[in-house]
>>> print(open('input.txt').read())   # compact mmCIF, C-alpha atoms
# COMPACT_ATOMS: atom_id res chain seq x y z
CA MET Q 19 0.00 0.00 0.00
CA ALA Q 20 1.25 3.47 -0.84
CA LEU Q 21 2.15 5.39 2.29
CA PRO Q 22 1.35 9.09 2.39
CA HIS Q 23 4.42 11.04 3.43
CA ASP Q 24 3.03 14.51 3.94
CA TYR Q 25 0.29 13.32 6.24
CA PRO Q 26 -0.69 15.49 9.17
CA GLY Q 27 1.41 13.68 11.74
CA GLU Q 28 4.11 15.16 13.89
CA ALA Q 29 6.55 14.87 11.01
CA CYS Q 30 4.76 17.51 8.94
CA SER Q 31 5.49 20.94 10.31
CA LEU Q 32 2.74 22.64 8.28
CA ALA Q 33 0.13 20.22 9.61
CA ARG Q 34 1.36 20.89 13.15
CA THR Q 35 1.26 24.63 12.46
CA LEU Q 36 -2.30 24.43 11.19
CA GLU Q 37 -3.36 22.48 14.26
CA ILE Q 38 -2.30 25.57 16.18
CA VAL Q 39 -3.37 28.42 13.91
CA GLY Q 40 -5.38 26.86 11.08
CA GLU Q 41 -8.76 28.03 12.22
CA ARG Q 42 -10.71 31.20 11.64
CA TRP Q 43 -11.15 32.44 15.20
CA THR Q 44 -7.59 31.60 16.12
CA LEU Q 45 -6.23 33.72 13.29
CA LEU Q 46 -8.58 36.62 14.08
CA ILE Q 47 -7.49 36.46 17.74
CA LEU Q 48 -3.86 36.50 16.64
CA ARG Q 49 -4.48 39.48 14.36
CA ASP Q 50 -6.04 41.33 17.28
CA ALA Q 51 -3.05 40.42 19.46
CA PHE Q 52 -0.85 42.09 16.82
CA TYR Q 53 -3.13 45.13 17.03
CA GLY Q 54 -2.32 45.29 20.75
CA VAL Q 55 -5.45 43.69 22.19
CA ARG Q 56 -4.53 41.98 25.46
CA ARG Q 57 -7.65 41.59 27.59
CA PHE Q 58 -10.28 38.88 27.31
CA GLY Q 59 -13.11 41.41 27.27
CA ASP Q 60 -11.48 43.46 24.53
CA PHE Q 61 -11.02 40.43 22.25
CA ALA Q 62 -14.63 39.45 22.96
CA ALA Q 63 -16.05 42.91 22.21
CA HIS Q 64 -13.92 43.58 19.15
CA LEU Q 65 -14.42 40.21 17.46
CA ASN Q 66 -17.87 39.34 18.75
CA VAL Q 67 -16.49 35.84 19.35
CA PRO Q 68 -18.47 33.57 21.68
CA ARG Q 69 -16.81 33.71 25.11
CA ALA Q 70 -16.45 29.93 25.43
CA VAL Q 71 -14.68 29.76 22.06
CA LEU Q 72 -12.41 32.68 22.97
CA SER Q 73 -11.53 31.12 26.29
CA GLU Q 74 -10.66 27.80 24.68
CA ARG Q 75 -8.57 29.41 21.92
CA LEU Q 76 -6.62 31.64 24.33
CA LYS Q 77 -5.89 28.60 26.48
CA SER Q 78 -4.67 26.62 23.49
CA LEU Q 79 -2.52 29.49 22.13
CA THR Q 80 -0.97 29.90 25.58
CA ALA Q 81 -0.32 26.16 25.91
CA THR Q 82 1.51 26.09 22.56
CA GLY Q 83 3.66 29.09 23.49
CA VAL Q 84 2.19 31.50 20.93
CA LEU Q 85 0.72 33.75 23.63
CA THR Q 86 1.80 34.31 27.20
CA ARG Q 87 -0.61 35.13 30.02
CA ALA Q 88 0.36 37.47 32.86
CA THR Q 89 -1.36 39.80 35.28
CA GLY Q 90 -1.41 43.29 33.81
CA SER Q 91 -1.14 46.61 35.59
CA ALA Q 92 -4.91 46.77 36.07
CA GLY Q 93 -4.80 43.45 37.95
CA ARG Q 94 -6.40 41.57 35.10
CA ASP Q 95 -5.04 38.76 32.97
CA GLU Q 96 -3.39 39.99 29.82
CA TYR Q 97 -2.38 37.92 26.80
CA GLN Q 98 0.66 38.89 24.77
CA LEU Q 99 2.38 37.41 21.77
CA THR Q 100 5.62 35.61 22.53
CA ASP Q 101 8.53 35.85 20.09
CA LYS Q 102 7.26 32.60 18.57
CA GLY Q 103 3.82 34.15 18.20
CA ALA Q 104 5.14 37.42 16.77
CA ALA Q 105 6.95 35.35 14.12
CA LEU Q 106 3.51 34.59 12.65
CA TRP Q 107 3.22 38.18 11.42
CA PRO Q 108 4.28 37.48 7.80
CA ALA Q 109 1.58 34.79 7.54
CA VAL Q 110 -1.12 36.98 9.11
CA ARG Q 111 -0.10 39.96 6.95
CA ALA Q 112 -0.18 37.83 3.79
CA LEU Q 113 -3.68 36.55 4.61
CA VAL Q 114 -4.91 40.09 5.31
CA ALA Q 115 -3.41 41.27 2.01
CA TRP Q 116 -5.09 38.47 0.06
CA GLY Q 117 -8.42 39.23 1.69
CA ASP Q 118 -8.04 42.94 0.91
CA GLU Q 119 -7.30 42.10 -2.71
CA HIS Q 120 -10.38 39.92 -3.14
CA TYR Q 121 -12.95 40.87 -0.52
CA ALA Q 122 -12.62 44.58 0.12
CA PRO Q 123 -14.59 46.31 -2.65
CA ARG Q 124 -14.27 49.69 -0.93
CA GLY Q 125 -10.55 49.18 -0.39
CA PRO Q 126 -8.68 47.85 2.65
CA ARG Q 127 -10.05 48.67 6.09
CA ARG Q 128 -6.54 48.99 7.42
CA LEU Q 129 -3.22 49.93 5.85
CA PHE Q 130 0.21 48.89 7.08
CA ARG Q 131 3.02 51.43 7.05
CA HIS Q 132 6.65 51.51 8.13
CA VAL Q 133 6.76 53.60 11.30
CA THR Q 134 10.09 55.25 10.53
CA ASP Q 135 8.99 56.82 7.23
CA GLU Q 136 5.23 56.14 7.12
CA ALA Q 137 5.66 54.54 3.68
CA PRO Q 138 3.36 51.67 2.68
CA ILE Q 139 4.60 48.12 3.14
CA ASP Q 140 4.55 46.00 -0.02
CA GLY Q 141 3.19 42.51 -0.59
CA SER Q 142 6.45 40.89 0.46
CA GLY Q 143 6.53 42.80 3.75
CA ARG Q 144 9.12 45.39 2.72
CA CYS Q 145 8.94 49.16 3.04
CA THR Q 146 8.22 50.66 -0.39
CA VAL Q 147 10.59 53.55 0.33
CA CYS Q 148 13.57 52.24 2.31
CA GLY Q 149 13.30 48.58 1.24
CA ALA Q 150 13.67 47.17 4.76
CA VAL Q 151 11.81 44.01 5.77
CA VAL Q 152 9.41 45.49 8.31
CA GLY Q 153 8.68 43.47 11.44
CA PRO Q 154 5.49 43.97 13.45
CA GLU Q 155 7.25 46.14 16.04
CA GLU Q 156 7.96 48.70 13.28
CA THR Q 157 4.57 48.46 11.59
CA LEU Q 158 1.87 51.09 11.93
CA VAL Q 159 -1.72 49.98 11.36
CA ALA Q 160 -3.65 52.95 9.98
CA PRO Q 161 -7.27 53.40 8.86
CA GLY Q 162 -7.84 52.54 5.21
CA PRO Q 163 -10.53 53.62 2.75
CA GLY Q 164 -12.75 50.65 3.63
CA LEU Q 165 -12.97 51.43 7.34
CA PRO Q 166 -16.42 52.63 8.47
CA ALA Q 167 -16.50 56.13 9.99
CA PRO Q 168 -15.89 56.18 13.75
CA SER Q 169 -18.97 56.12 15.97
CA PRO Q 170 -19.47 56.88 19.68
CA GLN Q 171 -20.78 53.32 19.94
CA ASP Q 172 -17.44 51.81 18.92
CA ASP Q 173 -15.87 49.27 21.23
CA PRO Q 174 -12.58 50.47 22.81
CA VAL Q 175 -10.38 48.55 20.37
CA THR Q 176 -12.16 49.93 17.33
CA ALA Q 177 -11.90 53.44 18.80
CA THR Q 178 -8.14 53.11 19.31
CA LEU Q 179 -7.61 51.72 15.81
CA ALA Q 180 -9.45 54.67 14.25
CA ARG Q 181 -6.04 56.41 14.46
CA PRO Q 182 -2.64 55.06 13.39
CA HIS Q 183 -1.39 52.60 16.00
CA LEU Q 184 1.90 50.75 16.33
CA LEU Q 185 1.46 46.97 16.21
CA LEU Q 186 2.03 45.15 19.51
CA ARG Q 187 1.59 48.37 21.51
CA PRO Q 188 -1.30 47.83 23.93
CA VAL Q 189 -4.55 49.39 22.79
CA ARG Q 190 -5.12 50.51 26.38
CA GLY Q 191 -2.71 52.67 28.36
CA MET U 26 -24.09 48.68 23.41
CA ALA U 27 -20.63 48.74 21.90
CA LEU U 28 -20.64 47.44 18.36
CA PRO U 29 -17.75 45.29 17.26
CA HIS U 30 -16.30 46.60 14.03
CA ASP U 31 -13.88 43.86 13.05
CA TYR U 32 -16.46 41.13 13.40
CA PRO U 33 -16.45 38.26 10.95
CA GLY U 34 -19.12 39.64 8.66
CA GLU U 35 -18.76 40.41 5.03
CA ALA U 36 -17.13 43.73 5.89
CA CYS U 37 -14.01 42.07 7.29
CA SER U 38 -11.87 40.73 4.48
CA LEU U 39 -9.68 38.64 6.79
CA ALA U 40 -12.72 36.91 8.26
CA ARG U 41 -13.98 36.22 4.76
CA THR U 42 -10.55 34.91 3.79
CA LEU U 43 -10.46 32.60 6.75
CA GLU U 44 -13.89 31.26 5.93
CA ILE U 45 -12.29 30.11 2.68
CA VAL U 46 -8.83 29.02 3.76
CA GLY U 47 -8.77 29.14 7.56
CA GLU U 48 -8.87 25.42 8.16
CA ARG U 49 -6.20 22.79 8.36
CA TRP U 50 -7.22 20.48 5.54
CA THR U 51 -7.97 23.38 3.21
CA LEU U 52 -4.48 24.80 3.63
CA LEU U 53 -2.85 21.40 3.20
CA ILE U 54 -4.87 20.86 0.01
CA LEU U 55 -3.77 24.28 -1.24
CA ARG U 56 -0.14 23.51 -0.46
CA ASP U 57 -0.45 20.30 -2.45
CA ALA U 58 -2.03 22.24 -5.32
CA PHE U 59 1.08 24.46 -5.32
CA TYR U 60 3.17 21.28 -5.45
CA GLY U 61 1.32 20.37 -8.66
CA VAL U 62 -1.17 17.85 -7.31
CA ARG U 63 -4.29 17.96 -9.49
CA ARG U 64 -6.20 14.70 -9.13
CA PHE U 65 -8.59 13.73 -6.37
CA GLY U 66 -6.84 10.41 -5.81
CA ASP U 67 -3.43 12.05 -5.56
CA PHE U 68 -4.59 14.55 -2.94
CA ALA U 69 -6.23 11.69 -1.05
CA ALA U 70 -3.15 9.45 -1.12
CA HIS U 71 -0.62 12.17 -0.36
CA LEU U 72 -2.49 13.79 2.52
CA ASN U 73 -4.37 10.78 3.86
CA VAL U 74 -7.40 13.07 4.08
CA PRO U 75 -10.80 11.41 4.43
CA ARG U 76 -12.40 11.33 0.96
CA ALA U 77 -15.63 13.00 2.07
CA VAL U 78 -13.68 15.89 3.60
CA LEU U 79 -11.50 16.22 0.50
CA SER U 80 -14.54 16.22 -1.76
CA GLU U 81 -16.25 18.92 0.29
CA ARG U 82 -13.13 21.11 0.45
CA LEU U 83 -12.41 20.84 -3.28
CA LYS U 84 -16.01 21.79 -4.00
CA SER U 85 -15.81 24.80 -1.72
CA LEU U 86 -12.44 25.96 -3.09
CA THR U 87 -13.85 25.66 -6.61
CA ALA U 88 -17.01 27.56 -5.69
CA THR U 89 -14.97 30.45 -4.27
CA GLY U 90 -12.76 30.64 -7.35
CA VAL U 91 -9.54 29.52 -5.68
CA LEU U 92 -9.39 26.32 -7.73
CA THR U 93 -10.78 25.52 -11.13
CA ARG U 94 -11.98 22.09 -12.17
CA ALA U 95 -11.52 20.78 -15.71
CA THR U 96 -11.19 17.46 -17.47
CA GLY U 97 -7.51 16.61 -17.79
CA SER U 98 -5.73 14.78 -20.61
CA ALA U 99 -6.35 11.42 -18.92
CA GLY U 100 -10.11 12.10 -18.98
CA ARG U 101 -10.26 12.68 -15.24
CA ASP U 102 -11.20 15.78 -13.32
CA GLU U 103 -8.23 17.93 -12.47
CA TYR U 104 -8.11 20.81 -10.01
CA GLN U 105 -5.80 23.74 -10.62
CA LEU U 106 -5.13 26.97 -8.80
CA THR U 107 -6.63 30.05 -10.42
CA ASP U 108 -4.71 33.34 -10.36
CA LYS U 109 -6.68 34.21 -7.24
CA GLY U 110 -5.63 30.90 -5.68
CA ALA U 111 -1.99 31.27 -6.72
CA ALA U 112 -1.98 34.65 -4.96
CA LEU U 113 -2.23 32.73 -1.68
CA TRP U 114 1.37 31.56 -2.08
CA PRO U 115 2.95 34.18 0.23
CA ALA U 116 0.56 33.14 3.01
CA VAL U 117 1.14 29.41 2.49
CA ARG U 118 4.92 29.94 2.28
CA ALA U 119 4.92 32.00 5.48
CA LEU U 120 2.98 29.31 7.35
CA VAL U 121 5.34 26.60 6.09
CA ALA U 122 8.34 28.71 7.17
CA TRP U 123 6.91 29.23 10.66
CA GLY U 124 6.23 25.51 11.01
CA ASP U 125 9.75 24.66 9.87
CA GLU U 126 11.17 27.08 12.40
CA HIS U 127 9.24 25.62 15.33
CA TYR U 128 8.25 22.05 14.47
CA ALA U 129 10.98 20.57 12.31
CA PRO U 130 13.71 19.39 14.70
CA ARG U 131 15.56 17.60 11.89
CA GLY U 132 15.32 20.63 9.62
CA PRO U 133 12.75 21.47 6.94
CA ARG U 134 11.34 18.62 4.89
CA ARG U 135 11.28 20.84 1.83
CA LEU U 136 13.34 23.83 0.73
CA PHE U 137 12.22 26.56 -1.64
CA ARG U 138 14.67 27.88 -4.22
CA HIS U 139 14.59 30.39 -7.04
CA VAL U 140 14.55 28.34 -10.25
CA THR U 141 16.74 30.74 -12.21
CA ASP U 142 19.75 30.54 -9.85
CA GLU U 143 18.77 27.76 -7.40
CA ALA U 144 19.43 30.16 -4.51
CA PRO U 145 17.34 29.82 -1.34
CA ILE U 146 14.32 32.08 -0.92
CA ASP U 147 14.35 34.17 2.27
CA GLY U 148 11.63 34.68 4.86
CA SER U 149 10.12 37.59 2.94
CA GLY U 150 9.85 35.55 -0.27
CA ARG U 151 12.88 37.05 -2.01
CA CYS U 152 15.77 35.27 -3.68
CA THR U 153 18.82 35.47 -1.42
CA VAL U 154 21.09 35.96 -4.42
CA CYS U 155 19.29 38.13 -6.98
CA GLY U 156 16.84 39.80 -4.56
CA ALA U 157 13.76 39.25 -6.75
CA VAL U 158 10.38 38.58 -5.16
CA VAL U 159 9.88 34.99 -6.27
CA GLY U 160 6.38 33.92 -7.29
CA PRO U 161 5.28 30.29 -7.18
CA GLU U 162 5.84 29.82 -10.92
CA GLU U 163 9.57 30.49 -10.35
CA THR U 164 9.89 28.49 -7.15
CA LEU U 165 11.52 25.08 -6.97
CA VAL U 166 10.50 22.81 -4.10
CA ALA U 167 13.46 20.59 -3.25
CA PRO U 168 14.01 17.89 -0.62
CA GLY U 169 15.28 19.26 2.71
CA PRO U 170 17.22 17.60 5.53
CA GLY U 171 14.01 16.61 7.35
CA LEU U 172 12.56 14.60 4.46
CA PRO U 173 12.48 10.84 5.06
CA ALA U 174 14.48 8.75 2.58
CA PRO U 175 12.50 7.72 -0.51
CA SER U 176 10.84 4.31 -0.37
CA PRO U 177 9.34 2.08 -3.07
CA GLN U 178 6.10 2.32 -1.10
CA ASP U 179 5.86 6.08 -1.60
CA ASP U 180 2.66 7.44 -3.10
CA PRO U 181 3.17 9.04 -6.57
CA VAL U 182 3.22 12.61 -5.23
CA THR U 183 5.84 11.82 -2.59
CA ALA U 184 7.92 10.04 -5.25
CA THR U 185 7.82 13.05 -7.57
CA LEU U 186 8.71 15.46 -4.77
CA ALA U 187 11.78 13.41 -3.83
CA ARG U 188 13.50 15.43 -6.57
CA PRO U 189 13.41 19.21 -7.14
CA HIS U 190 10.09 20.15 -8.71
CA LEU U 191 8.79 23.46 -10.03
CA LEU U 192 5.70 24.67 -8.16
CA LEU U 193 2.44 24.51 -10.13
CA ARG U 194 3.91 22.05 -12.66
CA PRO U 195 1.74 18.91 -12.56
CA VAL U 196 3.27 16.07 -10.56
CA ARG U 197 2.11 13.70 -13.31
CA GLY U 198 3.11 13.97 -16.95
>>> encode(input="input.txt", output="structure tokens")
Amino acid sequence: MALPHDYPGEACSLARTLEIVGERWTLLILRDAFYGVRRFGDFAAHLNVPRAVLSERLKSLTATGVLTRATGSAGRDEYQLTDKGAALWPAVRALVAWGDEHYAPRGPRRLFRHVTDEAPIDGSGRCTVCGAVVGPEETLVAPGPGLPAPSPQDDPVTATLARPHLLLRPVRG
Amino acid sequence: MALPHDYPGEACSLARTLEIVGERWTLLILRDAFYGVRRFGDFAAHLNVPRAVLSERLKSLTATGVLTRATGSAGRDEYQLTDKGAALWPAVRALVAWGDEHYAPRGPRRLFRHVTDEAPIDGSGRCTVCGAVVGPEETLVAPGPGLPAPSPQDDPVTATLARPHLLLRPVRG
């Protein structure tokens, strides 16, 4: 019998990766973590994700070392990307870019710019002016043409992201 | 009540993207499509994916315009990436790279090289020698240190990929 070699066992690193991040809510939670969302309630309000699902996904991302959980200054649990988690940025950015290309008829909701010169970042993750590969810690997320106008009813994360915001910087404080 | 703005409705292009590709089997099927797998039976044998799941995923990827289905030269249905589907390569490559970094203790199973100079492709998708952004049609997938030794029992896709192979080129014929 022919044996499949790229089966989703431990030997296939992509299969293992997708067990960790290959799911819609997980990737949306990770994107929000890049935006600087750290608190359970902020993820819940911004994504409208069912609380049981959010709780399970945060637990799993913490167990696999993608997020770390610690008590924040306000005495509440805060979730932050580890270095391993932050290394997912090129994948998250590429998925956002593909979605913007195909499912954003009014243009992207959010634009990514290099913080040092505010130039747009290209499809391969490089600054279109200085040519540097731009990591998340140097990436500004700014409102794009597809973003709805701000409203007093906006959740706190949406309100913060209505202005340019450095990735990984907490949306609160 | 605060209204979530980045909720997974039609307005959020990442959520829409992840409805299409945010699932483990879907991304493994897409990766195999980049490797040049086109036939139902080849996907099934290479990935060891349950046939009902594979059938459903291929149907969904065809309905969303990521794959196209046509009758191949052997008179069987063949699935191929559309331009929209091929534009997912940076995301797939970035996920593979992250997996290799964290879940490939013996080194990557597969290496990606620029076909024109056989130089490795870096983390941002550029050739490490000529600096070009390398699309899938110019990318060679070659065996890496983590790939098990070939065996006479290998399925046809695994056997083809035991040698360097240009992405998108059919694994058969």
>>> interface_residues(input="input.txt", of="chain U", to="chain Q", cutoff="7 Å", atoms="all atoms listed in the file", output="MDAnalysis selection string")
chainID U and resid 26:32 38:40 42:44 47:49 70:73 113 115:116 119:121 123:125 128:129 149:150 178:180 183
>>> write_last_selection(input="input.txt", atoms="C-alpha atoms", output="compact mmCIF listing (two decimals), keeping the file's coordinate frame")
# COMPACT_ATOMS: atom_id res chain seq x y z
CA MET U 26 -24.09 48.68 23.41
CA ALA U 27 -20.63 48.74 21.90
CA LEU U 28 -20.64 47.44 18.36
CA PRO U 29 -17.75 45.29 17.26
CA HIS U 30 -16.30 46.60 14.03
CA ASP U 31 -13.88 43.86 13.05
CA TYR U 32 -16.46 41.13 13.40
CA SER U 38 -11.87 40.73 4.48
CA LEU U 39 -9.68 38.64 6.79
CA ALA U 40 -12.72 36.91 8.26
CA THR U 42 -10.55 34.91 3.79
CA LEU U 43 -10.46 32.60 6.75
CA GLU U 44 -13.89 31.26 5.93
CA GLY U 47 -8.77 29.14 7.56
CA GLU U 48 -8.87 25.42 8.16
CA ARG U 49 -6.20 22.79 8.36
CA ALA U 70 -3.15 9.45 -1.12
CA HIS U 71 -0.62 12.17 -0.36
CA LEU U 72 -2.49 13.79 2.52
CA ASN U 73 -4.37 10.78 3.86
CA LEU U 113 -2.23 32.73 -1.68
CA PRO U 115 2.95 34.18 0.23
CA ALA U 116 0.56 33.14 3.01
CA ALA U 119 4.92 32.00 5.48
CA LEU U 120 2.98 29.31 7.35
CA VAL U 121 5.34 26.60 6.09
CA TRP U 123 6.91 29.23 10.66
CA GLY U 124 6.23 25.51 11.01
CA ASP U 125 9.75 24.66 9.87
CA TYR U 128 8.25 22.05 14.47
CA ALA U 129 10.98 20.57 12.31
CA SER U 149 10.12 37.59 2.94
CA GLY U 150 9.85 35.55 -0.27
CA GLN U 178 6.10 2.32 -1.10
CA ASP U 179 5.86 6.08 -1.60
CA ASP U 180 2.66 7.44 -3.10
CA THR U 183 5.84 11.82 -2.59
>>> atom_distance(input="input.txt", atom1="atom CA of Gly153 of chain Q", atom2="atom CA of Arg131 of chain Q")
10.7 Å
>>> residues_around(input="input.txt", residues="Ser73 of chain Q", least_positions_apart="3", cutoff="12 Å", atoms="all atoms listed in the file", output="number ranges by chain")
Q: 43-44, 47, 57-59, 61-62, 67-70, 76-80, 97
>>> atom_distance(input="input.txt", atom1="atom CA of Tyr53 of chain Q", atom2="atom CA of Leu186 of chain Q")
5.7 Å
>>> atom_distance(input="input.txt", atom1="atom CA of Ala51 of chain Q", atom2="atom CA of Gln98 of chain Q")
6.7 Å
>>> decode(input="input.txt", residues="segment 138-167 of chain U", atoms="C-alpha atoms", output="PDB file, in the first residue's frame")
ATOM      1  CA  ARG U 138      14.671  27.877  -4.216  1.00  0.00           C
ATOM      2  CA  HIS U 139      14.586  30.385  -7.044  1.00  0.00           C
ATOM      3  CA  VAL U 140      14.551  28.343 -10.252  1.00  0.00           C
ATOM      4  CA  THR U 141      16.744  30.741 -12.212  1.00  0.00           C
ATOM      5  CA  ASP U 142      19.751  30.542  -9.846  1.00  0.00           C
ATOM      6  CA  GLU U 143      18.767  27.764  -7.404  1.00  0.00           C
ATOM      7  CA  ALA U 144      19.427  30.162  -4.514  1.00  0.00           C
ATOM      8  CA  PRO U 145      17.343  29.820  -1.337  1.00  0.00           C
ATOM      9  CA  ILE U 146      14.320  32.079  -0.917  1.00  0.00           C
ATOM     10  CA  ASP U 147      14.347  34.167   2.267  1.00  0.00           C
ATOM     11  CA  GLY U 148      11.631  34.675   4.859  1.00  0.00           C
ATOM     12  CA  SER U 149      10.120  37.589   2.942  1.00  0.00           C
ATOM     13  CA  GLY U 150       9.854  35.549  -0.268  1.00  0.00           C
ATOM     14  CA  ARG U 151      12.879  37.053  -2.012  1.00  0.00           C
ATOM     15  CA  CYS U 152      15.769  35.269  -3.682  1.00  0.00           C
ATOM     16  CA  THR U 153      18.825  35.472  -1.417  1.00  0.00           C
ATOM     17  CA  VAL U 154      21.090  35.964  -4.415  1.00  0.00           C
ATOM     18  CA  CYS U 155      19.292  38.130  -6.984  1.00  0.00           C
ATOM     19  CA  GLY U 156      16.842  39.798  -4.563  1.00  0.00           C
ATOM     20  CA  ALA U 157      13.763  39.254  -6.747  1.00  0.00           C
ATOM     21  CA  VAL U 158      10.384  38.583  -5.159  1.00  0.00           C
ATOM     22  CA  VAL U 159       9.877  34.990  -6.269  1.00  0.00           C
ATOM     23  CA  GLY U 160       6.381  33.918  -7.293  1.00  0.00           C
ATOM     24  CA  PRO U 161       5.284  30.288  -7.180  1.00  0.00           C
ATOM     25  CA  GLU U 162       5.843  29.816 -10.925  1.00  0.00           C
ATOM     26  CA  GLU U 163       9.566  30.493 -10.355  1.00  0.00           C
ATOM     27  CA  THR U 164       9.891  28.491  -7.148  1.00  0.00           C
ATOM     28  CA  LEU U 165      11.516  25.078  -6.969  1.00  0.00           C
ATOM     29  CA  VAL U 166      10.498  22.809  -4.100  1.00  0.00           C
ATOM     30  CA  ALA U 167      13.456  20.593  -3.248  1.00  0.00           C
TER      31      ALA U 167
END
